[in-house]
>>> print(open('data-v5.txt').read())   # compact mmCIF, C-alpha atoms
# COMPACT_ATOMS: atom_id res chain seq x y z
CA MET A 1 16.17 -10.00 -21.19
CA THR A 2 12.78 -10.41 -22.88
CA GLU A 3 10.02 -7.81 -22.75
CA ASP A 4 8.06 -9.99 -20.29
CA GLU A 5 11.05 -10.36 -17.97
CA LEU A 6 11.74 -6.62 -17.99
CA TRP A 7 8.05 -5.88 -17.32
CA ILE A 8 8.01 -8.27 -14.33
CA LEU A 9 11.11 -6.77 -12.70
CA SER A 10 9.89 -3.23 -13.39
CA PHE A 11 6.52 -4.16 -11.87
CA TYR A 12 8.27 -5.27 -8.66
CA ARG A 13 10.31 -2.07 -8.60
CA THR A 14 7.24 0.17 -9.06
CA SER A 15 5.36 -1.70 -6.36
CA GLU A 16 8.22 -1.39 -3.88
CA ILE A 17 8.54 2.34 -4.60
CA SER A 18 4.81 2.86 -4.00
CA GLY A 19 5.04 0.93 -0.73
CA ALA A 20 8.05 2.98 0.39
CA LEU A 21 6.32 6.28 -0.39
CA PHE A 22 3.16 5.27 1.45
CA PHE A 23 4.85 3.86 4.56
CA GLY A 24 7.41 6.66 4.60
CA ARG A 25 4.69 9.28 4.63
CA LEU A 26 2.81 7.44 7.35
CA ALA A 27 5.97 6.87 9.43
CA LYS A 28 6.62 10.60 9.31
CA SER A 29 3.19 11.54 10.66
CA LEU A 30 2.71 8.85 13.35
CA ARG A 31 3.41 9.57 16.99
CA PRO A 32 6.26 7.61 18.65
CA SER A 33 5.14 4.02 19.27
CA GLU A 34 6.08 0.43 18.49
CA ILE A 35 4.07 0.75 15.27
CA GLN A 36 5.98 3.89 14.27
CA HIS A 37 9.22 1.99 14.92
CA ASP A 38 8.29 -1.07 12.86
CA LEU A 39 6.62 0.97 10.13
CA SER A 40 9.83 3.00 9.74
CA LYS A 41 11.79 -0.22 9.24
CA HIS A 42 9.15 -1.44 6.79
CA PHE A 43 9.44 1.82 4.84
CA ALA A 44 13.23 1.53 4.76
CA ASP A 45 12.96 -2.09 3.54
CA GLU A 46 10.63 -1.18 0.69
CA ALA A 47 12.92 1.65 -0.42
CA GLN A 48 15.87 -0.73 -0.26
CA HIS A 49 13.96 -3.33 -2.30
CA ALA A 50 13.22 -0.72 -4.97
CA TRP A 51 16.96 -0.10 -5.15
CA TYR A 52 17.70 -3.86 -5.32
CA TRP A 53 15.37 -4.20 -8.33
CA THR A 54 16.82 -1.08 -9.99
CA SER A 55 20.30 -2.47 -9.50
CA CYS A 56 19.26 -5.96 -10.66
CA ILE A 57 17.71 -4.60 -13.89
CA SER A 58 20.85 -2.58 -14.49
CA ARG A 59 23.10 -5.62 -13.92
CA LEU A 60 21.04 -7.46 -16.53
CA GLY A 61 21.85 -4.69 -19.01
CA ALA A 62 18.42 -3.02 -19.11
CA GLN A 63 16.59 0.00 -17.77
CA PRO A 64 13.38 -0.09 -15.70
CA LEU A 65 10.11 0.42 -17.52
CA ARG A 66 8.03 3.35 -16.34
CA LEU A 67 4.81 1.69 -15.18
CA GLN A 68 2.13 4.18 -14.29
CA GLU A 69 -0.01 2.46 -11.72
CA ALA A 70 1.11 0.31 -8.84
CA TYR A 71 -1.40 -2.36 -7.89
CA GLN A 72 -1.72 -0.92 -4.34
CA ASP A 73 -3.85 1.81 -5.94
CA GLN A 74 -6.28 -0.82 -7.15
CA TYR A 75 -6.93 -1.98 -3.58
CA PHE A 76 -8.22 1.45 -2.65
CA VAL A 77 -10.46 1.54 -5.73
CA THR A 78 -11.91 -1.90 -5.03
CA ALA A 79 -12.10 -2.05 -1.23
CA GLY A 80 -12.34 1.64 -0.43
CA MET A 81 -9.78 3.79 1.29
CA PRO A 82 -8.50 2.54 4.66
CA ALA A 83 -9.89 4.93 7.26
CA ASN A 84 -7.48 4.38 10.16
CA LEU A 85 -4.20 2.75 11.10
CA MET A 86 -5.79 -0.63 11.84
CA GLU A 87 -7.32 -0.69 8.36
CA VAL A 88 -3.96 0.29 6.84
CA LEU A 89 -2.31 -2.65 8.63
CA ALA A 90 -5.11 -5.01 7.56
CA ILE A 91 -4.67 -4.10 3.90
CA THR A 92 -0.89 -4.38 4.33
CA GLN A 93 -1.18 -7.91 5.71
CA VAL A 94 -3.24 -9.03 2.73
CA PHE A 95 -1.02 -7.23 0.26
CA GLU A 96 2.25 -8.58 1.70
CA ARG A 97 0.95 -12.14 1.43
CA ARG A 98 0.18 -11.55 -2.21
CA VAL A 99 3.69 -10.14 -2.75
CA ILE A 100 5.31 -13.18 -1.11
CA ASN A 101 3.26 -15.48 -3.34
CA GLN A 102 4.38 -13.56 -6.42
CA TYR A 103 8.03 -13.68 -5.42
CA ALA A 104 7.73 -17.39 -4.55
CA LEU A 105 6.23 -18.12 -7.97
CA HIS A 106 9.06 -16.23 -9.62
CA SER A 107 11.73 -18.01 -7.59
CA ARG A 108 10.49 -21.37 -8.98
CA MET A 109 11.27 -20.22 -12.51
CA PRO A 110 13.81 -22.47 -14.27
CA GLU A 111 17.16 -20.99 -15.29
CA LEU A 112 16.71 -18.04 -12.99
CA GLU A 113 19.40 -15.43 -13.57
CA PRO A 114 21.77 -15.27 -10.57
CA ALA A 115 21.07 -11.52 -10.15
CA VAL A 116 17.32 -12.15 -9.97
CA LYS A 117 17.66 -15.11 -7.61
CA GLU A 118 19.93 -13.15 -5.31
CA THR A 119 17.48 -10.22 -5.26
CA LEU A 120 14.46 -12.44 -4.61
CA ASP A 121 16.25 -14.26 -1.78
CA ARG A 122 17.27 -11.02 -0.08
CA ILE A 123 13.81 -9.51 -0.33
CA MET A 124 11.90 -12.62 0.82
CA VAL A 125 13.61 -12.50 4.21
CA ASP A 126 12.29 -8.97 4.78
CA GLU A 127 8.84 -9.78 3.41
CA LYS A 128 8.40 -12.55 5.98
CA TRP A 129 9.22 -10.09 8.75
CA HIS A 130 6.70 -7.60 7.29
CA ILE A 131 3.91 -10.15 7.68
CA GLU A 132 5.05 -11.01 11.22
CA TRP A 133 5.20 -7.45 12.55
CA VAL A 134 1.88 -6.48 11.00
CA ARG A 135 0.19 -9.59 12.44
CA ALA A 136 1.59 -8.78 15.90
CA ALA A 137 0.51 -5.13 15.64
CA LEU A 138 -3.03 -6.12 14.64
CA LYS A 139 -3.16 -8.50 17.61
CA ARG A 140 -2.14 -5.67 19.94
CA MET A 141 -4.93 -3.52 18.48
CA GLU A 142 -7.65 -6.00 19.47
CA PRO A 143 -8.53 -4.33 22.79
CA GLU A 144 -8.93 -1.00 20.98
CA TYR A 145 -10.85 -2.05 17.85
CA GLY A 146 -12.26 -5.45 18.79
CA GLU A 147 -11.08 -8.79 17.43
CA SER A 148 -14.18 -9.29 15.28
CA VAL A 149 -13.86 -5.84 13.67
CA ILE A 150 -10.22 -6.52 12.80
CA GLN A 151 -11.07 -9.94 11.38
CA ALA A 152 -13.92 -8.49 9.33
CA THR A 153 -11.59 -5.78 7.98
CA VAL A 154 -8.94 -8.31 6.96
CA ARG A 155 -11.68 -10.42 5.32
CA ARG A 156 -12.93 -7.39 3.38
CA PHE A 157 -9.45 -6.78 2.04
CA TRP A 158 -9.01 -10.47 1.21
CA GLU A 159 -12.13 -10.25 -0.95
CA ALA A 160 -10.79 -7.08 -2.57
CA ASP A 161 -7.50 -8.88 -3.17
CA GLN A 162 -9.27 -11.55 -5.23
CA GLU A 163 -10.95 -8.86 -7.29
CA VAL A 164 -7.77 -6.83 -7.78
CA TYR A 165 -5.86 -9.97 -8.65
CA ARG A 166 -8.41 -10.88 -11.30
CA LYS A 167 -8.25 -7.40 -12.79
CA THR A 168 -4.57 -6.53 -12.66
CA MET A 169 -2.16 -8.88 -10.99
CA GLN A 170 -2.98 -11.76 -13.29
CA GLU A 171 -0.82 -9.93 -15.79
CA HIS A 172 2.14 -10.65 -13.53
CA GLU A 173 1.34 -14.35 -13.30
CA ALA A 174 0.63 -14.60 -17.04
CA ARG A 175 3.98 -13.03 -17.86
CA VAL A 176 5.84 -15.25 -15.35
CA GLN A 177 4.16 -18.34 -16.85
CA SER A 178 5.07 -17.13 -20.33
CA VAL A 179 8.75 -16.79 -19.37
CA MET A 180 8.63 -20.21 -17.65
CA ARG A 181 7.15 -21.89 -20.73
CA ALA A 182 9.76 -20.30 -23.00
CA ARG A 183 12.54 -21.57 -20.73
CA GLU A 184 11.04 -25.05 -20.46
CA ASP A 185 10.84 -25.20 -24.28
CA ARG A 186 14.52 -24.30 -24.54
CA ARG A 187 15.55 -27.16 -22.27
CA MET B 1 -18.35 21.62 14.61
CA SER B 2 -18.69 25.39 14.34
CA THR B 3 -17.81 27.32 11.20
CA THR B 4 -14.56 28.32 12.88
CA ASP B 5 -13.77 24.68 13.70
CA ALA B 6 -14.56 23.65 10.13
CA GLN B 7 -12.25 26.36 8.83
CA GLN B 8 -9.50 25.14 11.15
CA VAL B 9 -9.92 21.57 9.93
CA ARG B 10 -9.94 22.79 6.33
CA ALA B 11 -6.74 24.77 6.99
CA ARG B 12 -5.13 21.68 8.53
CA MET B 13 -6.17 19.59 5.51
CA ALA B 14 -4.60 22.19 3.23
CA GLN B 15 -1.42 22.09 5.29
CA ILE B 16 -1.17 18.28 5.15
CA LEU B 17 -1.92 18.21 1.42
CA LYS B 18 0.41 21.17 0.75
CA GLN B 19 -2.38 22.98 -1.10
CA PRO B 20 -3.64 26.58 -0.81
CA VAL B 21 -6.70 26.54 1.45
CA ASP B 22 -8.89 28.19 -1.20
CA ARG B 23 -8.49 25.08 -3.34
CA LEU B 24 -10.37 23.14 -0.67
CA ALA B 25 -13.91 24.27 -1.39
CA ASP B 26 -16.76 22.12 -0.05
CA THR B 27 -17.42 20.85 -3.56
CA THR B 28 -13.79 19.96 -4.33
CA VAL B 29 -13.39 16.25 -5.01
CA LEU B 30 -10.71 14.92 -2.66
CA THR B 31 -9.00 12.74 -5.24
CA ASP B 32 -8.55 15.81 -7.45
CA LEU B 33 -6.25 17.28 -4.80
CA VAL B 34 -3.64 14.53 -4.86
CA ALA B 35 -1.64 12.56 -7.37
CA GLU B 36 -1.52 9.43 -5.18
CA SER B 37 -4.52 8.19 -3.19
CA PHE B 38 -2.35 7.13 -0.23
CA VAL B 39 -1.79 10.83 0.54
CA LEU B 40 -5.49 11.03 1.43
CA VAL B 41 -5.15 8.00 3.72
CA ASP B 42 -2.34 9.73 5.56
CA MET B 43 -4.35 12.96 5.80
CA VAL B 44 -7.39 11.21 7.27
CA ILE B 45 -5.22 9.43 9.86
CA GLU B 46 -3.49 12.69 10.81
CA LEU B 47 -6.82 14.50 11.20
CA GLN B 48 -8.12 11.76 13.52
CA ASP B 49 -4.98 12.03 15.60
CA ASP B 50 -5.26 15.82 15.79
CA LEU B 51 -8.96 15.80 16.67
CA GLY B 52 -9.00 12.72 18.90
CA ILE B 53 -11.70 10.98 16.86
CA ARG B 54 -11.94 7.56 15.20
CA LEU B 55 -13.19 7.05 11.65
CA MET B 56 -14.00 3.65 10.22
CA HIS B 57 -14.43 2.38 6.67
CA ASP B 58 -18.22 2.84 6.78
CA ASP B 59 -17.82 6.49 7.75
CA LEU B 60 -15.87 7.21 4.58
CA LYS B 61 -17.89 5.08 2.17
CA ALA B 62 -19.88 7.99 0.77
CA VAL B 63 -17.19 10.65 1.16
CA LYS B 64 -16.19 12.18 -2.15
CA THR B 65 -15.64 15.89 -1.50
CA VAL B 66 -14.01 18.15 1.06
CA GLY B 67 -17.49 19.08 2.31
CA ASP B 68 -18.44 15.40 2.73
CA LEU B 69 -15.34 14.79 4.86
CA LEU B 70 -15.94 17.90 6.98
CA ALA B 71 -19.52 16.72 7.59
CA VAL B 72 -18.33 13.27 8.74
CA ILE B 73 -15.77 14.88 11.05
CA ALA B 74 -18.47 17.20 12.42
CA SER B 75 -20.66 14.17 13.19
CA LYS B 76 -17.79 12.60 15.15
CA THR B 77 -16.81 15.69 17.08
CA GLY B 78 -20.47 16.16 18.00
CA ARG B 79 -20.57 19.82 17.14
CA PRO B 80 -22.71 21.35 14.35
CA ARG B 81 -20.89 22.86 11.39
>>> encode(input="data-v5.txt", output="structure tokens")
Amino acid sequence: MTEDELWILSFYRTSEISGALFFGRLAKSLRPSEIQHDLSKHFADEAQHAWYWTSCISRLGAQPLRLQEAYQDQYFVTAGMPANLMEVLAITQVFERRVINQYALHSRMPELEPAVKETLDRIMVDEKWHIEWVRAALKRMEPEYGESVIQATVRRFWEADQEVYRKTMQEHEARVQSVMRAREDRR
Amino acid sequence: MSTTDAQQVRARMAQILKQPVDRLADTTVLTDLVAESFVLVDMVIELQDDLGIRLMHDDLKAVKTVGDLLAVIASKTGRPR
């Protein structure tokens, strides 16, 4: 495995761990509700995904890199801290879409190692459900927060996403493209 | 919010953050209390649930310190600090 490939898989692992820690903490403090139920599943998925990536890296004969900052942290710096559960779900919706795009880009890589393909395929199924449950929960929150407030919040996080992407996540895409080019050249 | 109320909120914040309450002075910067910023998100959501108030993004825009957050909460509970 090249340095770029190891960085990419370690980046996924770190991101999933950060998601699990955040949602796990939130799931612990929420009162019983449909959101608590779905958030608990979401937390469990993210923890499981972190394990899938750990296992995948190990199967490829490497060890995960210790990356200091997950890109979730950058959202808070750029868009400000979410102030309530609706805002947490809005940022989650934006973030999960970005994650799916990253995994989709990776899955188009030529000569994908079977261990990586298998891991991406397993995780993508869960990621689609994450977007669905969050969308449904935000819809149910409309009477409480107002549809326009929710839409404005999602829009604010979309704008932050562009900024965060430009600053940090481009490194992911650049490294994926670098691996893709190297593999194309070998063909 | 009365002084007693503010002290109760401060004590609750300390409990959620697992910090001694004397670390939560008015001038303490909130991000200095935690290693991960999402812990603060969870704390703010728990406080709203406890106090029956709603905070929005704009309310927290200028909040940097423990004292700033207590002042915002006081404005929502409608009681002077």
>>> atom_distance(input="data-v5.txt", atom1="atom CA of Phe76 of chain A", atom2="atom CA of Ser37 of chain B")
7.7 Å
>>> atom_distance(input="data-v5.txt", atom1="atom CA of Ala6 of chain B", atom2="atom CA of Ala74 of chain B")
7.9 Å
>>> atom_distance(input="data-v5.txt", atom1="atom CA of Val72 of chain B", atom2="atom CA of Leu47 of chain B")
11.8 Å
>>> interface_residues(input="data-v5.txt", of="chain B", to="chain A", cutoff="10 Å", atoms="only C-alpha atoms", output="list in words")
Ile16, Glu36, Ser37, Phe38, Val39, Leu40, Val41, Asp42, Met43, Val44, Ile45, Glu46, Gln48, Asp49, Arg54, Leu55, Met56, His57, Asp58, Asp59, Leu60, Lys61 and Ala62 of chain B
>>> residues_around(input="data-v5.txt", residues="segment 154-165 of chain A", least_positions_apart="4", cutoff="7 Å", atoms="all atoms listed in the file", output="list in words")
Gln74, Tyr75, Thr78, Ala79, Ala90, Ile91, Val94, Ile150, Met169 and Gln170 of chain A
>>> residues_around(input="data-v5.txt", residues="segment 66-71 of chain B", least_positions_apart="3", cutoff="8 Å", atoms="only C-alpha atoms", output="short mmCIF file (atom, residue, chain, number, x, y, z; two decimals) with C-alpha atoms, keeping the file's coordinate frame")
data_model
loop_
_atom_site.label_atom_id
_atom_site.label_comp_id
_atom_site.auth_asym_id
_atom_site.auth_seq_id
_atom_site.Cartn_x
_atom_site.Cartn_y
_atom_site.Cartn_z
CA ALA B 6 -14.56 23.65 10.13
CA VAL B 9 -9.92 21.57 9.93
CA ARG B 10 -9.94 22.79 6.33
CA LEU B 24 -10.37 23.14 -0.67
CA ALA B 25 -13.91 24.27 -1.39
CA ASP B 26 -16.76 22.12 -0.05
CA THR B 27 -17.42 20.85 -3.56
CA THR B 28 -13.79 19.96 -4.33
CA VAL B 29 -13.39 16.25 -5.01
CA LEU B 30 -10.71 14.92 -2.66
CA LEU B 60 -15.87 7.21 4.58
CA ALA B 62 -19.88 7.99 0.77
CA VAL B 63 -17.19 10.65 1.16
CA ALA B 74 -18.47 17.20 12.42
CA SER B 75 -20.66 14.17 13.19
CA ARG B 81 -20.89 22.86 11.39
#
>>> closest_residue(input="data-v5.txt", among="A:Gln48, A:Ser55, A:Ser33, A:Ser40", to="Val116 of chain A", atoms="only C-alpha atoms")
A:Ser55
>>> closest_residue(input="data-v5.txt", among="B:Thr65, B:Arg23, B:Asp50, B:Val34", to="Gln8 of chain B", atoms="all atoms listed in the file")
B:Asp50
>>> build_atoms(input="data-v5.txt", residues="segment 106-136 of chain A", atoms="N, CA and C atoms", output="mmCIF file, keeping the file's coordinate frame")
data_model
loop_
_atom_site.group_PDB
_atom_site.id
_atom_site.type_symbol
_atom_site.label_atom_id
_atom_site.label_comp_id
_atom_site.auth_asym_id
_atom_site.auth_seq_id
_atom_site.Cartn_x
_atom_site.Cartn_y
_atom_site.Cartn_z
ATOM 1 N N HIS A 106 7.925 -16.626 -8.776
ATOM 2 C CA HIS A 106 9.060 -16.230 -9.620
ATOM 3 C C HIS A 106 10.315 -17.053 -9.279
ATOM 4 N N SER A 107 10.506 -17.302 -7.989
ATOM 5 C CA SER A 107 11.730 -18.010 -7.590
ATOM 6 C C SER A 107 11.731 -19.473 -8.051
ATOM 7 N N ARG A 108 10.541 -19.981 -8.455
ATOM 8 C CA ARG A 108 10.490 -21.370 -8.980
ATOM 9 C C ARG A 108 10.769 -21.428 -10.484
ATOM 10 N N MET A 109 11.015 -20.275 -11.072
ATOM 11 C CA MET A 109 11.270 -20.220 -12.510
ATOM 12 C C MET A 109 12.566 -20.964 -12.856
ATOM 13 N N PRO A 110 12.561 -21.811 -13.895
ATOM 14 C CA PRO A 110 13.810 -22.470 -14.270
ATOM 15 C C PRO A 110 14.814 -21.475 -14.854
ATOM 16 N N GLU A 111 16.069 -21.807 -14.742
ATOM 17 C CA GLU A 111 17.160 -20.990 -15.290
ATOM 18 C C GLU A 111 17.081 -19.533 -14.819
ATOM 19 N N LEU A 112 16.816 -19.395 -13.556
ATOM 20 C CA LEU A 112 16.710 -18.040 -12.990
ATOM 21 C C LEU A 112 18.089 -17.369 -13.027
ATOM 22 N N GLU A 113 18.118 -16.142 -13.520
ATOM 23 C CA GLU A 113 19.400 -15.430 -13.570
ATOM 24 C C GLU A 113 19.908 -15.247 -12.144
ATOM 25 N N PRO A 114 21.228 -15.426 -11.928
ATOM 26 C CA PRO A 114 21.770 -15.270 -10.570
ATOM 27 C C PRO A 114 21.400 -13.930 -9.935
ATOM 28 N N ALA A 115 21.385 -12.853 -10.713
ATOM 29 C CA ALA A 115 21.070 -11.520 -10.150
ATOM 30 C C ALA A 115 19.631 -11.474 -9.649
ATOM 31 N N VAL A 116 18.732 -12.139 -10.377
ATOM 32 C CA VAL A 116 17.320 -12.150 -9.970
ATOM 33 C C VAL A 116 17.136 -13.030 -8.738
ATOM 34 N N LYS A 117 17.783 -14.198 -8.745
ATOM 35 C CA LYS A 117 17.660 -15.110 -7.610
ATOM 36 C C LYS A 117 18.187 -14.449 -6.325
ATOM 37 N N GLU A 118 19.325 -13.824 -6.467
ATOM 38 C CA GLU A 118 19.930 -13.150 -5.310
ATOM 39 C C GLU A 118 18.997 -12.056 -4.771
ATOM 40 N N THR A 119 18.391 -11.305 -5.670
ATOM 41 C CA THR A 119 17.480 -10.220 -5.260
ATOM 42 C C THR A 119 16.235 -10.785 -4.592
ATOM 43 N N LEU A 120 15.657 -11.817 -5.203
ATOM 44 C CA LEU A 120 14.460 -12.440 -4.610
ATOM 45 C C LEU A 120 14.761 -12.987 -3.211
ATOM 46 N N ASP A 121 15.891 -13.666 -3.073
ATOM 47 C CA ASP A 121 16.250 -14.260 -1.780
ATOM 48 C C ASP A 121 16.406 -13.202 -0.693
ATOM 49 N N ARG A 122 17.058 -12.102 -1.061
ATOM 50 C CA ARG A 122 17.270 -11.020 -0.080
ATOM 51 C C ARG A 122 15.932 -10.425 0.355
ATOM 52 N N ILE A 123 15.076 -10.199 -0.627
ATOM 53 C CA ILE A 123 13.810 -9.510 -0.330
ATOM 54 C C ILE A 123 12.861 -10.407 0.468
ATOM 55 N N MET A 124 12.849 -11.703 0.152
ATOM 56 C CA MET A 124 11.900 -12.620 0.820
ATOM 57 C C MET A 124 12.092 -12.646 2.336
ATOM 58 N N VAL A 125 13.341 -12.506 2.758
ATOM 59 C CA VAL A 125 13.610 -12.500 4.210
ATOM 60 C C VAL A 125 12.868 -11.334 4.857
ATOM 61 N N ASP A 126 12.970 -10.159 4.249
ATOM 62 C CA ASP A 126 12.290 -8.970 4.780
ATOM 63 C C ASP A 126 10.778 -9.115 4.704
ATOM 64 N N GLU A 127 10.294 -9.674 3.594
ATOM 65 C CA GLU A 127 8.840 -9.780 3.410
ATOM 66 C C GLU A 127 8.213 -10.647 4.493
ATOM 67 N N LYS A 128 8.933 -11.690 4.902
ATOM 68 C CA LYS A 128 8.400 -12.550 5.980
ATOM 69 C C LYS A 128 8.283 -11.740 7.268
ATOM 70 N N TRP A 129 9.283 -10.925 7.539
ATOM 71 C CA TRP A 129 9.220 -10.090 8.750
ATOM 72 C C TRP A 129 8.071 -9.093 8.648
ATOM 73 N N HIS A 130 7.804 -8.567 7.456
ATOM 74 C CA HIS A 130 6.700 -7.600 7.290
ATOM 75 C C HIS A 130 5.379 -8.236 7.728
ATOM 76 N N ILE A 131 5.162 -9.476 7.309
ATOM 77 C CA ILE A 131 3.910 -10.150 7.680
ATOM 78 C C ILE A 131 3.868 -10.366 9.197
ATOM 79 N N GLU A 132 5.004 -10.730 9.765
ATOM 80 C CA GLU A 132 5.050 -11.010 11.220
ATOM 81 C C GLU A 132 4.759 -9.751 12.043
ATOM 82 N N TRP A 133 5.391 -8.642 11.714
ATOM 83 C CA TRP A 133 5.200 -7.450 12.550
ATOM 84 C C TRP A 133 3.785 -6.909 12.415
ATOM 85 N N VAL A 134 3.245 -7.000 11.200
ATOM 86 C CA VAL A 134 1.880 -6.480 11.000
ATOM 87 C C VAL A 134 0.874 -7.367 11.752
ATOM 88 N N ARG A 135 1.092 -8.678 11.714
ATOM 89 C CA ARG A 135 0.190 -9.590 12.440
ATOM 90 C C ARG A 135 0.230 -9.263 13.937
ATOM 91 N N ALA A 136 1.437 -9.074 14.470
ATOM 92 C CA ALA A 136 1.590 -8.780 15.900
ATOM 93 C C ALA A 136 0.936 -7.428 16.256
#
